[in-house]
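First comes the structure, then the notes that go with it.
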Number of protein chains: 2
Amino acid sequence: MAAAVMKMNIEPELETRNGAAVLEACQTTDPDVAALANEVIGRIADKWTMIILETLNEHKTLRFTQLGHLVGGISQKMLTQTLRQMERDGLVTRLVYPVVPPKVEYSLTELGVTLGAAFCGVWLWAEENLAKIEAARLKFDGRAKL
Amino acid sequence: MAAAVMKMNIEPELETRNGAAVLEACQTTDPDVAALANEVIGRIADKWTMIILETLNEHKTLRFTQLGHLVGGISQKMLTQTLRQMERDGLVTRLVYPVVPPKVEYSLTELGVTLGAAFCGVWLWAEENLAKIEAARLKFDGRAKL
DNA sequence: AACTATTACTCACTAATCGAAAGTAGGCAC
DNA sequence: GTGCCTACTTTCGATTAGTGAGTAATAGTT
């Protein structure tokens with residue numbers, strides 16, 4: 001069942017899932033659904049949410065500061081804020097141990113795991129096309145000076 | 001302050017469970033690649049980039065104002081800015097007709113199309129799990145008041 | 001007993017970013 | 001000349017991101 005998202009080239013025609021071609025499924029058939037999906041995307045598609053999702057996906061369960069270190073470059077406030085939002089959206093569980101010093105463990109919910117799987121393709125794309133982006137950027141910046 | 005990071009060896013064993021086979025491909029094997037991928041994700045993973053990508057994926061070629069209308073709720077400034085960035089990253093082509101009034105056509109590059117395909121999974125996820133997020137949010141907000 | 005360290009935050013404040021509206025360019029119909 | 005069209009660019013107020021300090025509770029140290 002997982003064969004579609006293996007570590008290979010992401011070719012539009014090859015990837016099939018749920019029977020229909022993926023690209024076709026992306027064409028918005030229903031405008032209402034598309035609008036709602038837009039909304040959802042707007043909420044989950046930010047830098048920190050994606051990185052936290054990925055980090056939790058790798059390490060399964062993490063405490064606050066551990067997570068902060070692994071994510072890297074995130075302020076405590078942003079970490080708190082993003083985690084709250086993700087908790088609200090049902091993506092992570094926040095397990096509080098009533099001990100001192102406080103201990104809170106974060107992990108993905110089932111919903112969060114499925115989102116992580118969905119993002120998987122994007123991560124693979126990022127890893128594969130890193131160089132192309134870098135090249136495109138250099139070309140663009142070089143061209144701008146002429 | 002920096003000395004505290006020395007003893008950070010908290011790596012839970014990467015387990016190969018049958019159910020989560022999809023996620024294996026996402027486990028970053030190379031830390032350098034992971035860091036760079038993080039960077040790329042940080043650049044492309046914002047709301048407007050994803051929505052513009054999707055819109056261009058559907059309509060193939062669009063002019064500035066058309067695109068703005070279809071995206072919906074985006075300011076001209078943001079549209080310009082995001083398109084510039086995407087052009088710089090080699091995701092879209094900007095075809096300028098030297099006519100008056102000005103005419104500029106935007107479309108996805110090959111790289112942009114592959115990214116669109118990668119994001120496809122996320123869009124499907126969003127469409128499928130819309131209700132679950134809404135439910136989770138209601139539950140969270142309700143619980144908060146108790 | 002006082003003091004320190006730890007952890008997961010919260011609060012007050014500053015820097016960056018965002019959106020709406022107005023401005024720019026320059027041919028063209030009037 | 002005036003206004004119009006399009007794709008921006010600029011300006012300014014508002015939202016948001018990020019920083020540093022502070023907080024509670026207690027085990028361990030002095």
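Identifiers in this document derive from the order of the structure tokens: chains are assigned A, B, ..., residues are numbered from 1 separately in each chain, and ligands are numbered from 1 in order of occurrence.
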Within 7 Å of chain D: residues of chain B, using only C-alpha atoms (C1' of nucleotides), as a PDB file with C-alpha atoms, in the first residue's frame:
ATOM      1  CA  PRO B 101      -1.209  47.751 -21.548  1.00  0.00           C
ATOM      2  CA  PRO B 102       1.340  45.324 -20.102  1.00  0.00           C
ATOM      3  CA  LYS B 103       0.674  41.630 -20.365  1.00  0.00           C
TER       4      LYS B 103
END
At a cut-off of 12 Å, which residues of chain C touch chain B? Count only C-alpha atoms (C1' of nucleotides) and give the answer as a PyMOL selection string.
chain C and resi 17-21+25-28
Can you check which parts of chain B lie within 6 Å of chain A? Per residue, the shortest pair of atoms and distance in Å to one decimal, counting only C-alpha atoms, sorted by chain and number, as CSV.
residue,atom,partner,partner_atom,distance
B:Val22,CA,A:Ala2,CA,5.1
B:Leu23,CA,A:Ala117,CA,6.0
B:Ala25,CA,A:Lys7,CA,6.0
B:Cys26,CA,A:Cys120,CA,5.6
B:Ala37,CA,A:Glu127,CA,5.3
B:Gly42,CA,A:Lys47,CA,4.9
B:Ala45,CA,A:Lys47,CA,5.6
B:Asp46,CA,A:Asp46,CA,4.9
B:Lys47,CA,A:Gly42,CA,4.9
B:Glu58,CA,A:Gln27,CA,5.9
B:Arg88,CA,A:Arg137,CA,5.1
B:Asp89,CA,A:Ile133,CA,5.1
B:Gly90,CA,A:Ala136,CA,5.1
B:Ala118,CA,A:Gly121,CA,5.0
B:Phe119,CA,A:Val122,CA,5.9
B:Cys120,CA,A:Cys26,CA,5.9
B:Gly121,CA,A:Ala118,CA,5.0
B:Val122,CA,A:Ala118,CA,5.0
B:Ala126,CA,A:Ala37,CA,5.4
B:Glu127,CA,A:Ala37,CA,5.3
B:Ile133,CA,A:Asp89,CA,5.1
B:Ala136,CA,A:Gly90,CA,5.1
B:Arg137,CA,A:Arg88,CA,5.1
B:Phe140,CA,A:Arg88,CA,5.5
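Relative to CA of Gly68 in chain A, CA of Gln81 in chain A is found at 12.2 Å.
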